[in-house]
Structures are given as structure tokens and as C-alpha cells.
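> File follows, model.pdb with PDB, C-alpha atoms:
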```pdb
ATOM      1  CA  MET A  19      46.870  20.299 -42.124  1.00  0.00           C
ATOM      2  CA  SER A  20      46.532  16.893 -40.605  1.00  0.00           C
ATOM      3  CA  GLY A  21      45.564  15.403 -37.319  1.00  0.00           C
ATOM      4  CA  PRO A  22      43.707  12.539 -35.687  1.00  0.00           C
ATOM      5  CA  MET A  23      39.934  12.417 -35.837  1.00  0.00           C
ATOM      6  CA  ALA A  24      38.288  10.173 -33.268  1.00  0.00           C
ATOM      7  CA  LEU A  25      35.311   8.236 -34.570  1.00  0.00           C
ATOM      8  CA  GLU A  26      34.479   6.120 -31.507  1.00  0.00           C
ATOM      9  CA  PRO A  27      30.879   6.472 -30.338  1.00  0.00           C
ATOM     10  CA  GLY A  28      30.184   8.320 -27.109  1.00  0.00           C
ATOM     11  CA  GLY A  29      32.110  11.010 -25.290  1.00  0.00           C
ATOM     12  CA  THR A  30      32.659  14.645 -26.136  1.00  0.00           C
ATOM     13  CA  GLU A  31      34.555  13.830 -29.311  1.00  0.00           C
ATOM     14  CA  GLN A  32      31.210  13.422 -31.101  1.00  0.00           C
ATOM     15  CA  ASP A  33      30.515  17.151 -31.017  1.00  0.00           C
ATOM     16  CA  THR A  34      34.069  18.532 -31.383  1.00  0.00           C
ATOM     17  CA  LEU A  35      36.357  18.418 -34.427  1.00  0.00           C
ATOM     18  CA  ALA A  36      40.019  19.341 -33.747  1.00  0.00           C
ATOM     19  CA  LEU A  37      42.290  20.381 -36.614  1.00  0.00           C
ATOM     20  CA  ARG A  38      46.033  20.688 -35.884  1.00  0.00           C
ATOM     21  CA  LEU A  39      48.743  22.137 -38.179  1.00  0.00           C
ATOM     22  CA  ALA A  40      51.215  19.552 -39.425  1.00  0.00           C
ATOM     23  CA  GLN A  41      54.218  21.693 -38.431  1.00  0.00           C
ATOM     24  CA  ALA A  42      54.222  24.405 -35.819  1.00  0.00           C
ATOM     25  CA  PRO A  43      56.336  27.370 -37.017  1.00  0.00           C
ATOM     26  CA  VAL A  44      57.420  28.391 -33.534  1.00  0.00           C
ATOM     27  CA  ARG A  45      58.326  26.158 -30.629  1.00  0.00           C
ATOM     28  CA  GLY A  46      55.512  25.954 -28.172  1.00  0.00           C
ATOM     29  CA  ASP A  47      53.051  27.461 -30.615  1.00  0.00           C
ATOM     30  CA  ASP A  48      50.350  24.816 -30.701  1.00  0.00           C
ATOM     31  CA  ARG A  49      47.931  26.029 -33.289  1.00  0.00           C
ATOM     32  CA  THR A  50      44.731  24.041 -33.081  1.00  0.00           C
ATOM     33  CA  LEU A  51      41.378  24.910 -34.593  1.00  0.00           C
ATOM     34  CA  ALA A  52      38.439  23.396 -32.707  1.00  0.00           C
ATOM     35  CA  LEU A  53      35.022  23.275 -34.346  1.00  0.00           C
ATOM     36  CA  ARG A  54      31.996  22.348 -32.198  1.00  0.00           C
ATOM     37  CA  LEU A  55      29.040  20.925 -34.060  1.00  0.00           C
ATOM     38  CA  PRO A  56      25.753  22.777 -33.528  1.00  0.00           C
ATOM     39  CA  GLY A  57      22.804  21.272 -31.669  1.00  0.00           C
ATOM     40  CA  HIS A  58      24.693  19.867 -28.657  1.00  0.00           C
ATOM     41  CA  VAL A  59      25.068  23.012 -26.571  1.00  0.00           C
ATOM     42  CA  PRO A  60      22.788  22.799 -23.483  1.00  0.00           C
ATOM     43  CA  ASP A  61      19.934  25.280 -23.476  1.00  0.00           C
ATOM     44  CA  PRO A  62      19.732  26.558 -19.874  1.00  0.00           C
ATOM     45  CA  GLU A  63      16.318  28.169 -20.340  1.00  0.00           C
ATOM     46  CA  ALA A  64      14.729  25.031 -21.739  1.00  0.00           C
ATOM     47  CA  VAL A  65      16.305  22.913 -19.027  1.00  0.00           C
ATOM     48  CA  SER A  66      15.098  25.355 -16.360  1.00  0.00           C
ATOM     49  CA  ARG A  67      11.553  25.228 -17.705  1.00  0.00           C
ATOM     50  CA  LEU A  68      11.641  21.435 -17.642  1.00  0.00           C
ATOM     51  CA  ALA A  69      13.041  21.455 -14.100  1.00  0.00           C
ATOM     52  CA  ALA A  70      10.252  23.781 -12.940  1.00  0.00           C
ATOM     53  CA  ALA A  71       7.601  21.572 -14.533  1.00  0.00           C
ATOM     54  CA  LEU A  72       8.949  18.389 -12.933  1.00  0.00           C
ATOM     55  CA  ALA A  73      10.286  19.865  -9.680  1.00  0.00           C
ATOM     56  CA  ASP A  74       7.776  18.079  -7.455  1.00  0.00           C
ATOM     57  CA  ARG A  75       8.862  14.705  -8.867  1.00  0.00           C
ATOM     58  CA  ILE A  76      12.566  15.415  -9.254  1.00  0.00           C
ATOM     59  CA  GLY A  77      12.979  16.761  -5.712  1.00  0.00           C
ATOM     60  CA  PRO A  78      12.474  13.410  -3.916  1.00  0.00           C
ATOM     61  CA  ALA A  79      14.981  11.626  -6.197  1.00  0.00           C
ATOM     62  CA  VAL A  80      18.128  10.302  -4.536  1.00  0.00           C
ATOM     63  CA  HIS A  81      20.092   9.636  -7.737  1.00  0.00           C
ATOM     64  CA  PRO A  82      20.119  11.016 -11.305  1.00  0.00           C
ATOM     65  CA  TYR A  83      19.066   7.591 -12.538  1.00  0.00           C
ATOM     66  CA  GLU A  84      15.662   8.164 -10.951  1.00  0.00           C
ATOM     67  CA  VAL A  85      15.356  11.387 -12.931  1.00  0.00           C
ATOM     68  CA  ALA A  86      16.350   9.492 -16.064  1.00  0.00           C
ATOM     69  CA  ALA A  87      13.575   6.985 -15.435  1.00  0.00           C
ATOM     70  CA  LEU A  88      11.146   9.869 -14.953  1.00  0.00           C
ATOM     71  CA  LEU A  89      12.176  11.438 -18.261  1.00  0.00           C
ATOM     72  CA  GLU A  90      11.715   8.107 -20.015  1.00  0.00           C
ATOM     73  CA  ALA A  91       8.254   7.846 -18.471  1.00  0.00           C
ATOM     74  CA  GLU A  92       7.499  11.324 -19.817  1.00  0.00           C
ATOM     75  CA  GLY A  93       8.228  10.008 -23.317  1.00  0.00           C
ATOM     76  CA  LEU A  94      11.319  12.096 -24.128  1.00  0.00           C
ATOM     77  CA  THR A  95      13.284  10.617 -27.005  1.00  0.00           C
ATOM     78  CA  ALA A  96      17.003  10.959 -27.644  1.00  0.00           C
ATOM     79  CA  GLU A  97      16.313  13.242 -30.590  1.00  0.00           C
ATOM     80  CA  GLN A  98      14.112  15.526 -28.498  1.00  0.00           C
ATOM     81  CA  ILE A  99      16.729  15.704 -25.762  1.00  0.00           C
ATOM     82  CA  LYS A 100      19.389  16.769 -28.260  1.00  0.00           C
ATOM     83  CA  GLN A 101      17.321  19.283 -30.235  1.00  0.00           C
ATOM     84  CA  ARG A 102      15.121  20.726 -27.483  1.00  0.00           C
ATOM     85  CA  TYR A 103      17.508  20.779 -24.529  1.00  0.00           C
ATOM     86  CA  GLY A 104      20.925  20.527 -26.186  1.00  0.00           C
ATOM     87  CA  HIS A 105      22.138  17.566 -24.138  1.00  0.00           C
ATOM     88  CA  PRO A 106      23.853  14.643 -25.847  1.00  0.00           C
ATOM     89  CA  ASN A 107      21.890  11.914 -24.058  1.00  0.00           C
ATOM     90  CA  LEU A 108      19.273  11.130 -21.472  1.00  0.00           C
ATOM     91  CA  PHE A 109      21.668  10.773 -18.551  1.00  0.00           C
ATOM     92  CA  SER A 110      23.310  14.123 -19.218  1.00  0.00           C
ATOM     93  CA  LEU A 111      19.938  15.881 -19.042  1.00  0.00           C
ATOM     94  CA  ALA A 112      18.919  13.863 -15.969  1.00  0.00           C
ATOM     95  CA  THR A 113      22.122  14.870 -14.178  1.00  0.00           C
ATOM     96  CA  ALA A 114      21.557  18.533 -15.010  1.00  0.00           C
ATOM     97  CA  LEU A 115      18.003  18.397 -13.687  1.00  0.00           C
ATOM     98  CA  TYR A 116      19.090  16.532 -10.574  1.00  0.00           C
ATOM     99  CA  GLU A 117      21.691  19.181  -9.783  1.00  0.00           C
ATOM    100  CA  GLN A 118      19.354  22.080 -10.517  1.00  0.00           C
ATOM    101  CA  VAL A 119      16.350  20.994  -8.449  1.00  0.00           C
ATOM    102  CA  PRO A 120      16.943  21.046  -4.662  1.00  0.00           C
ATOM    103  CA  ARG A 121      16.240  17.882  -2.742  1.00  0.00           C
ATOM    104  CA  SER A 122      12.851  17.774  -1.053  1.00  0.00           C
ATOM    105  CA  TYR A 123      11.696  14.673   0.742  1.00  0.00           C
ATOM    106  CA  PRO A 124       8.002  14.921   1.661  1.00  0.00           C
ATOM    107  CA  GLU A 125       6.865  13.637   5.010  1.00  0.00           C
ATOM    108  CA  PRO A 126       4.929  10.367   4.852  1.00  0.00           C
ATOM    109  CA  PRO A 127       1.200  10.641   5.474  1.00  0.00           C
ATOM    110  CA  PRO A 128       0.205  10.074   9.101  1.00  0.00           C
ATOM    111  CA  ALA A 129      -0.670   6.487   9.833  1.00  0.00           C
ATOM    112  CA  ALA A 130      -4.031   5.568  11.279  1.00  0.00           C
ATOM    113  CA  ASP A 131      -4.069   5.213  15.027  1.00  0.00           C
ATOM    114  CA  PRO A 132      -4.570   1.504  15.754  1.00  0.00           C
ATOM    115  CA  TRP A 133      -5.758   2.300  19.283  1.00  0.00           C
ATOM    116  CA  ARG A 134      -8.498   4.704  18.214  1.00  0.00           C
ATOM    117  CA  PRO A 135     -11.790   3.115  19.255  1.00  0.00           C
ATOM    118  CA  ASP A 136     -14.532   2.578  16.719  1.00  0.00           C
ATOM    119  CA  THR A 137     -17.483   3.788  18.757  1.00  0.00           C
ATOM    120  CA  LEU A 138     -20.134   2.639  16.299  1.00  0.00           C
ATOM    121  CA  ARG A 139     -18.649  -0.840  16.002  1.00  0.00           C
ATOM    122  CA  CYS A 140     -18.351  -1.197  19.786  1.00  0.00           C
ATOM    123  CA  LEU A 141     -21.984  -0.109  20.149  1.00  0.00           C
ATOM    124  CA  LEU A 142     -23.126  -2.583  17.515  1.00  0.00           C
ATOM    125  CA  ARG A 143     -21.235  -5.404  19.188  1.00  0.00           C
ATOM    126  CA  GLY A 144     -22.825  -4.589  22.514  1.00  0.00           C
ATOM    127  CA  VAL A 145     -26.311  -4.561  20.994  1.00  0.00           C
ATOM    128  CA  LEU A 146     -25.555  -7.766  19.121  1.00  0.00           C
ATOM    129  CA  PHE A 147     -24.791  -9.655  22.311  1.00  0.00           C
ATOM    130  CA  ALA A 148     -27.556  -7.976  24.329  1.00  0.00           C
ATOM    131  CA  LEU A 149     -30.399  -8.982  22.023  1.00  0.00           C
ATOM    132  CA  PRO A 150     -30.954 -12.383  23.724  1.00  0.00           C
ATOM    133  CA  GLY A 151     -31.877 -10.435  26.875  1.00  0.00           C
ATOM    134  CA  LEU A 152     -34.710  -8.799  24.949  1.00  0.00           C
ATOM    135  CA  ALA A 153     -35.831 -12.230  23.788  1.00  0.00           C
ATOM    136  CA  TYR A 154     -36.056 -13.381  27.408  1.00  0.00           C
ATOM    137  CA  LEU A 155     -38.381 -10.485  28.198  1.00  0.00           C
ATOM    138  CA  LEU A 156     -40.595 -11.220  25.212  1.00  0.00           C
ATOM    139  CA  THR A 157     -40.877 -14.916  26.045  1.00  0.00           C
ATOM    140  CA  ALA A 158     -41.243 -14.477  29.834  1.00  0.00           C
ATOM    141  CA  PRO A 159     -44.827 -15.886  29.903  1.00  0.00           C
ATOM    142  CA  LEU A 160     -43.550 -19.190  28.470  1.00  0.00           C
ATOM    143  CA  TRP A 161     -41.017 -20.009  31.197  1.00  0.00           C
ATOM    144  CA  HIS A 162     -40.346 -19.345  34.866  1.00  0.00           C
ATOM    145  CA  PRO A 163     -37.079 -17.453  35.489  1.00  0.00           C
ATOM    146  CA  GLY A 164     -36.637 -18.893  38.988  1.00  0.00           C
ATOM    147  CA  ARG A 165     -36.815 -22.520  37.900  1.00  0.00           C
ATOM    148  CA  HIS A 166     -35.500 -22.338  34.352  1.00  0.00           C
ATOM    149  CA  ALA A 167     -32.706 -19.769  34.520  1.00  0.00           C
ATOM    150  CA  ALA A 168     -30.028 -22.439  34.860  1.00  0.00           C
ATOM    151  CA  ALA A 169     -30.482 -23.686  31.287  1.00  0.00           C
ATOM    152  CA  PRO A 170     -29.859 -20.352  29.505  1.00  0.00           C
ATOM    153  CA  ILE A 171     -26.951 -19.624  31.864  1.00  0.00           C
ATOM    154  CA  VAL A 172     -25.263 -22.956  31.152  1.00  0.00           C
ATOM    155  CA  ALA A 173     -25.869 -22.603  27.421  1.00  0.00           C
ATOM    156  CA  GLY A 174     -24.582 -19.019  27.478  1.00  0.00           C
ATOM    157  CA  LEU A 175     -21.387 -19.930  29.337  1.00  0.00           C
ATOM    158  CA  VAL A 176     -20.611 -22.841  27.017  1.00  0.00           C
ATOM    159  CA  SER A 177     -21.407 -20.727  23.959  1.00  0.00           C
ATOM    160  CA  TRP A 178     -19.142 -17.938  25.205  1.00  0.00           C
ATOM    161  CA  ALA A 179     -16.215 -20.278  25.855  1.00  0.00           C
ATOM    162  CA  TRP A 180     -16.663 -22.048  22.532  1.00  0.00           C
ATOM    163  CA  GLY A 181     -16.986 -18.718  20.705  1.00  0.00           C
ATOM    164  CA  GLN A 182     -13.759 -17.412  22.226  1.00  0.00           C
ATOM    165  CA  ALA A 183     -11.835 -20.491  21.133  1.00  0.00           C
ATOM    166  CA  LEU A 184     -13.427 -20.510  17.691  1.00  0.00           C
ATOM    167  CA  GLY A 185     -12.767 -16.782  17.224  1.00  0.00           C
ATOM    168  CA  HIS A 186      -9.091 -17.247  18.071  1.00  0.00           C
ATOM    169  CA  ARG A 187      -8.857 -20.132  15.630  1.00  0.00           C
ATOM    170  CA  ALA A 188     -10.592 -18.147  12.882  1.00  0.00           C
ATOM    171  CA  HIS A 189      -8.353 -15.100  13.403  1.00  0.00           C
ATOM    172  CA  LEU A 190      -5.334 -17.345  12.873  1.00  0.00           C
ATOM    173  CA  ARG A 191      -6.935 -18.603   9.674  1.00  0.00           C
ATOM    174  CA  LEU A 192      -7.400 -15.015   8.464  1.00  0.00           C
ATOM    175  CA  VAL A 193      -3.654 -14.925   7.775  1.00  0.00           C
ATOM    176  CA  THR A 194      -4.171 -17.368   4.917  1.00  0.00           C
ATOM    177  CA  GLY A 195      -7.341 -15.664   3.664  1.00  0.00           C
ATOM    178  CA  ARG A 196     -10.957 -14.887   4.521  1.00  0.00           C
ATOM    179  CA  ARG A 197     -12.130 -18.046   2.768  1.00  0.00           C
ATOM    180  CA  GLU A 198     -10.181 -20.253   5.159  1.00  0.00           C
ATOM    181  CA  ALA A 199     -11.480 -18.310   8.147  1.00  0.00           C
ATOM    182  CA  ALA A 200     -15.070 -18.531   6.867  1.00  0.00           C
ATOM    183  CA  ARG A 201     -14.682 -22.280   6.371  1.00  0.00           C
ATOM    184  CA  THR A 202     -13.492 -22.654   9.974  1.00  0.00           C
ATOM    185  CA  LEU A 203     -16.440 -20.608  11.256  1.00  0.00           C
ATOM    186  CA  LEU A 204     -18.938 -22.499   9.099  1.00  0.00           C
ATOM    187  CA  THR A 205     -17.777 -25.764  10.639  1.00  0.00           C
ATOM    188  CA  GLY A 206     -17.235 -24.627  14.210  1.00  0.00           C
ATOM    189  CA  ALA A 207     -20.224 -22.342  14.832  1.00  0.00           C
ATOM    190  CA  PRO A 208     -23.019 -24.941  14.355  1.00  0.00           C
ATOM    191  CA  LEU A 209     -20.997 -27.482  16.289  1.00  0.00           C
ATOM    192  CA  GLY A 210     -20.601 -25.024  19.173  1.00  0.00           C
ATOM    193  CA  ALA A 211     -24.342 -24.314  19.213  1.00  0.00           C
ATOM    194  CA  ALA A 212     -25.053 -28.037  19.375  1.00  0.00           C
ATOM    195  CA  VAL A 213     -22.555 -28.553  22.213  1.00  0.00           C
ATOM    196  CA  ALA A 214     -24.040 -25.655  24.235  1.00  0.00           C
ATOM    197  CA  THR A 215     -27.579 -26.929  23.727  1.00  0.00           C
ATOM    198  CA  ALA A 216     -26.551 -30.435  24.792  1.00  0.00           C
ATOM    199  CA  ALA A 217     -24.889 -29.024  27.914  1.00  0.00           C
ATOM    200  CA  ALA A 218     -28.110 -27.203  28.869  1.00  0.00           C
ATOM    201  CA  ALA A 219     -30.370 -30.208  28.230  1.00  0.00           C
ATOM    202  CA  PRO A 220     -29.885 -31.934  31.639  1.00  0.00           C
ATOM    203  CA  VAL A 221     -31.026 -28.842  33.548  1.00  0.00           C
ATOM    204  CA  ALA A 222     -33.640 -27.672  31.031  1.00  0.00           C
ATOM    205  CA  GLY A 223     -35.520 -30.839  30.268  1.00  0.00           C
ATOM    206  CA  PRO A 224     -37.690 -31.164  27.178  1.00  0.00           C
ATOM    207  CA  GLY A 225     -39.886 -28.266  26.235  1.00  0.00           C
ATOM    208  CA  PRO A 226     -39.689 -24.564  25.446  1.00  0.00           C
ATOM    209  CA  VAL A 227     -36.820 -23.929  27.901  1.00  0.00           C
ATOM    210  CA  LEU A 228     -34.489 -26.251  25.972  1.00  0.00           C
ATOM    211  CA  LEU A 229     -35.684 -24.645  22.751  1.00  0.00           C
ATOM    212  CA  ALA A 230     -34.857 -21.190  24.142  1.00  0.00           C
ATOM    213  CA  ALA A 231     -31.406 -22.361  25.258  1.00  0.00           C
ATOM    214  CA  GLY A 232     -30.762 -23.820  21.812  1.00  0.00           C
ATOM    215  CA  ALA A 233     -31.921 -20.647  20.087  1.00  0.00           C
ATOM    216  CA  GLN A 234     -29.647 -18.606  22.341  1.00  0.00           C
ATOM    217  CA  SER A 235     -26.681 -20.847  21.536  1.00  0.00           C
ATOM    218  CA  LEU A 236     -27.343 -20.638  17.823  1.00  0.00           C
ATOM    219  CA  TYR A 237     -27.712 -16.867  17.978  1.00  0.00           C
ATOM    220  CA  LEU A 238     -24.450 -16.399  19.892  1.00  0.00           C
ATOM    221  CA  ALA A 239     -22.659 -18.625  17.382  1.00  0.00           C
ATOM    222  CA  ALA A 240     -23.960 -16.500  14.495  1.00  0.00           C
ATOM    223  CA  ALA A 241     -22.977 -13.320  16.334  1.00  0.00           C
ATOM    224  CA  GLY A 242     -19.438 -14.658  16.786  1.00  0.00           C
ATOM    225  CA  VAL A 243     -19.209 -15.327  13.061  1.00  0.00           C
ATOM    226  CA  LEU A 244     -20.238 -11.756  12.271  1.00  0.00           C
ATOM    227  CA  LEU A 245     -17.751 -10.328  14.764  1.00  0.00           C
ATOM    228  CA  VAL A 246     -14.793 -12.302  13.415  1.00  0.00           C
ATOM    229  CA  LEU A 247     -15.597 -11.396   9.822  1.00  0.00           C
ATOM    230  CA  GLY A 248     -16.219  -7.745  10.706  1.00  0.00           C
ATOM    231  CA  ARG A 249     -19.822  -7.776   9.507  1.00  0.00           C
ATOM    232  CA  GLU A 250     -21.508  -6.361  12.608  1.00  0.00           C
ATOM    233  CA  ARG A 251     -23.221  -3.707  10.483  1.00  0.00           C
ATOM    234  CA  LEU A 252     -25.342  -6.421   8.843  1.00  0.00           C
TER     235      LEU A 252
END
```
Let me see the structure of the file written as C-alpha cells.


Amino acid sequence: MSGPMALEPGGTEQDTLALRLAQAPVRGDDRTLALRLPGHVPDPEAVSRLAAALADRIGPAVHPYEVAALLEAEGLTAEQIKQRYGHPNLFSLATALYEQVPRSYPEPPPAADPWRPDTLRCLLRGVLFALPGLAYLLTAPLWHPGRHAAAPIVAGLVSWAWGQALGHRAHLRLVTGRREAARTLLTGAPLGAAVATAAAAPVAGPGPVLLAAGAQSLYLAAAGVLLVLGRERL
């Protein structure tokens, strides 16, 4: 008997040995003896058990290569794949698992509603800006509201306008990082308080009224910093 024996790596010739008679006694009688080496026959039960164990991670795969990557992550070696599951290589086992497990694509988790109001934060912001009103009540014996109301109003309006502009500028800086935004606020907030106090000085005159207007301006500047940085809870 004689016949070719393929020795190239890869392919099905690695597990099959074909022996052909040198001369066929009858025309058309092709007598060939094929011997399949043991250890390379797929074990359906073992493959099914592996598919059941990894079904939740194989189901979302869109290509057998993803299953192959999963098997590599599980630590399966080429020797284990051959002996335990009877497949010649990793990709053969991955293809079998991919075909056996039905596709299941889980729904993404629901995204947070960006328009859902944060009631506690809104309440804190309201209290934060309303606190100067309580200070006016506590310091009422020191100043006359009829004569001195213009100074806190002017300082409040200037502080509000400056805070809006500074907050917009700081929010733009947040794109590059909180440090840049904090640096902008650290520079702009004291400057805004000084500008608001200076604007109230002509109508306040020297004394406790100007001091109250300056304290209000400084407080509103600090409140704007907390709002931009999201630290109202402090």
C-alpha cells in the first residue's frame, strides 16, 4: 500500500490518515482506509455545558471572534480545548458556541432624565440667595430702610449681573477641568464684590450702610462660586 500523507500544519488532515491501495483490482473500486486520530472528535455534552455556563456572555456576541476572546479570558488553553471539548483549536470551539447559543442583546439601562428637577438643590439655592434678607432684618436697628435702601439695591444688582457673567465664564472653563473653573472664580468673585461695593459707595456714603452693601456683595460672590462648583450643600 502506498499513498500521499499530508504533513502541513492546520486543516483536517492533522486528525485523518488516509491509506490507499497501490492498484485497484476492479475499475472504479477505490479502496481507501481512513483512520481518524482520537482526541479531536467534538464532545457535544461538554460543549453544551460550556455554552450553558457562558450563555449570558455569549448571547450578546456579534461574531465568533468575540466568543474566542471570551474563552481566552476564561483561561482555556489549546490543550484543554482539544482534550476537554474535542475541538482542534480555539476558533473551532468559539464557532460552535456561537452557533449553539441564541443571540440575545440586552436593552441598555435607562438614562437619567436630564430634566428631572433636583428639589433639594433648588431649595438650597433659594435659601442661599435669601439669607441676605435675614441679615437685613437682624441689622435693621443700624440703618434706616427708607434712606439707605438704595445702596444694597445697587450693590445687589451689580453683584447679580457680575455673577451671571462670571458663572457663564466659569461654566465654559469647566470643559477644560474644575481647576481652571475654580481659578476663574477665585479671580473674578473678589473682583466682582469690589466692583459692586464701589458702585454702591456714592449712594451709601461712609458708615455701616456701605459695610452692609460690601458684605452683601461678598456674600453673593461666594454663593455664586458654590453654585457653579455644585457645592450648595456646604

> Using only C-alpha atoms, determine which residues lie at most 8 Å from Leu111 (chain A), disregarding the query and same-chain residues fewer than 6 positions distant; provide the list as a PyMOL selection string.

chain A and resi 65+86+99+103+105

> Just checking: using all atoms listed in the file, which residue out of A:Asn107, A:Ala183, A:Ser177, A:Gly225 ends up closest to Phe147 (chain A)?

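Among A:Asn107, A:Ala183, A:Ser177, A:Gly225, it is A:Ser177 that comes nearest to Phe147 (chain A).
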
> May I ask for the distance between CA of Val221 (chain A) and CA of Tyr237 (chain A), given in Å to one decimal place?

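Separation of CA of Val221 (chain A) and CA of Tyr237 (chain A): 19.9 Å.
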
> What would the selection look like, as a list in words, if the PyMOL selection byres ((chain A and resi 240-250) around 8) were run on the coordinates I just shared?

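So the PyMOL selection byres ((chain A and resi 240-250) around 8), applied here, picks out Arg139, Leu142, Arg143, Leu146, Phe147, Gly181, Gly185, Ala188, His189, Arg196, Ala200, Leu203, Ala207, Leu236, Tyr237, Leu238, Ala239, Arg251 and Leu252 of chain A.
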
> Output C-alpha atoms for every residue in that selection, as a tab-separated table (two decimals), in the coordinates of the input.


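Generated output (selection-v5.tsv):
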```
chain	number	residue	atom	x	y	z
A	139	ARG	CA	-18.65	-0.84	16.00
A	142	LEU	CA	-23.13	-2.58	17.52
A	143	ARG	CA	-21.24	-5.40	19.19
A	146	LEU	CA	-25.56	-7.77	19.12
A	147	PHE	CA	-24.79	-9.65	22.31
A	181	GLY	CA	-16.99	-18.72	20.70
A	185	GLY	CA	-12.77	-16.78	17.22
A	188	ALA	CA	-10.59	-18.15	12.88
A	189	HIS	CA	-8.35	-15.10	13.40
A	196	ARG	CA	-10.96	-14.89	4.52
A	200	ALA	CA	-15.07	-18.53	6.87
A	203	LEU	CA	-16.44	-20.61	11.26
A	207	ALA	CA	-20.22	-22.34	14.83
A	236	LEU	CA	-27.34	-20.64	17.82
A	237	TYR	CA	-27.71	-16.87	17.98
A	238	LEU	CA	-24.45	-16.40	19.89
A	239	ALA	CA	-22.66	-18.62	17.38
A	251	ARG	CA	-23.22	-3.71	10.48
A	252	LEU	CA	-25.34	-6.42	8.84
```

> Kindly indicate which residue among A:Ala167, A:Ala130, A:Leu89, A:Phe109 lies nearest to Ala71 (chain A), using all atoms listed in the file for the distances.

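Among A:Ala167, A:Ala130, A:Leu89, A:Phe109, it is A:Leu89 that comes nearest to Ala71 (chain A).
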
> Go ahead and compute the interatomic distance for CA of Ala212 (chain A) and CA of Ala179 (chain A), in Å to one decimal.

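Answer for the CA of Ala212 (chain A) to CA of Ala179 (chain A) separation: 13.4 Å.
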
> I need the residue set behind the PyMOL selection byres ((chain A and resi 82) around 6) for this file; please write it as a list in words.

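This file, filtered by the PyMOL selection byres ((chain A and resi 82) around 6), leaves His81, Tyr83, Glu84, Val85, Ala112, Thr113 and Tyr116 of chain A.
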
> Restricting the calculation to all atoms listed in the file, which member of A:Arg75, A:Gly104, A:Gly151, A:Glu90 is positioned closest to Pro124 (chain A)?

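Closest to Pro124 (chain A) of all the choices is A:Arg75.
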
> Using Å and a single decimal, report how far CA of Arg197 (chain A) sits from CA of Trp180 (chain A).

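Separating CA of Trp180 (chain A) from CA of Arg197 (chain A) is a distance of 20.7 Å.
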
> Taking into account all atoms listed in the file, which residue in the set A:Ala69, A:Ala91, A:Leu115, A:Ala211 is nearest to Gly174 (chain A)?

A:Ala211

> Closest to Ala64 (chain A) among A:Leu108, A:Ala168, A:Leu229, A:Ala114, using all atoms listed in the file?

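That would be A:Ala114, the residue with the smallest distance to Ala64 (chain A).
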
> How big is the axis-aligned box around all listed atoms of region 202-217 of chain A once 6 Å goes on each side, and where's its centre, in Å to one decimal, as AutoDock Vina command-line options?


```
--center_x -20.5 --center_y -25.5 --center_z 18.5 --size_x 26.1 --size_y 21.8 --size_z 30.8
```

> Check which residues satisfy the PyMOL selection byres ((chain A and resi 232) around 12) in the file shown, then give them as an MDAnalysis selection string.

chainID A and resid 150 169:174 176:177 208:219 222:231 233:239
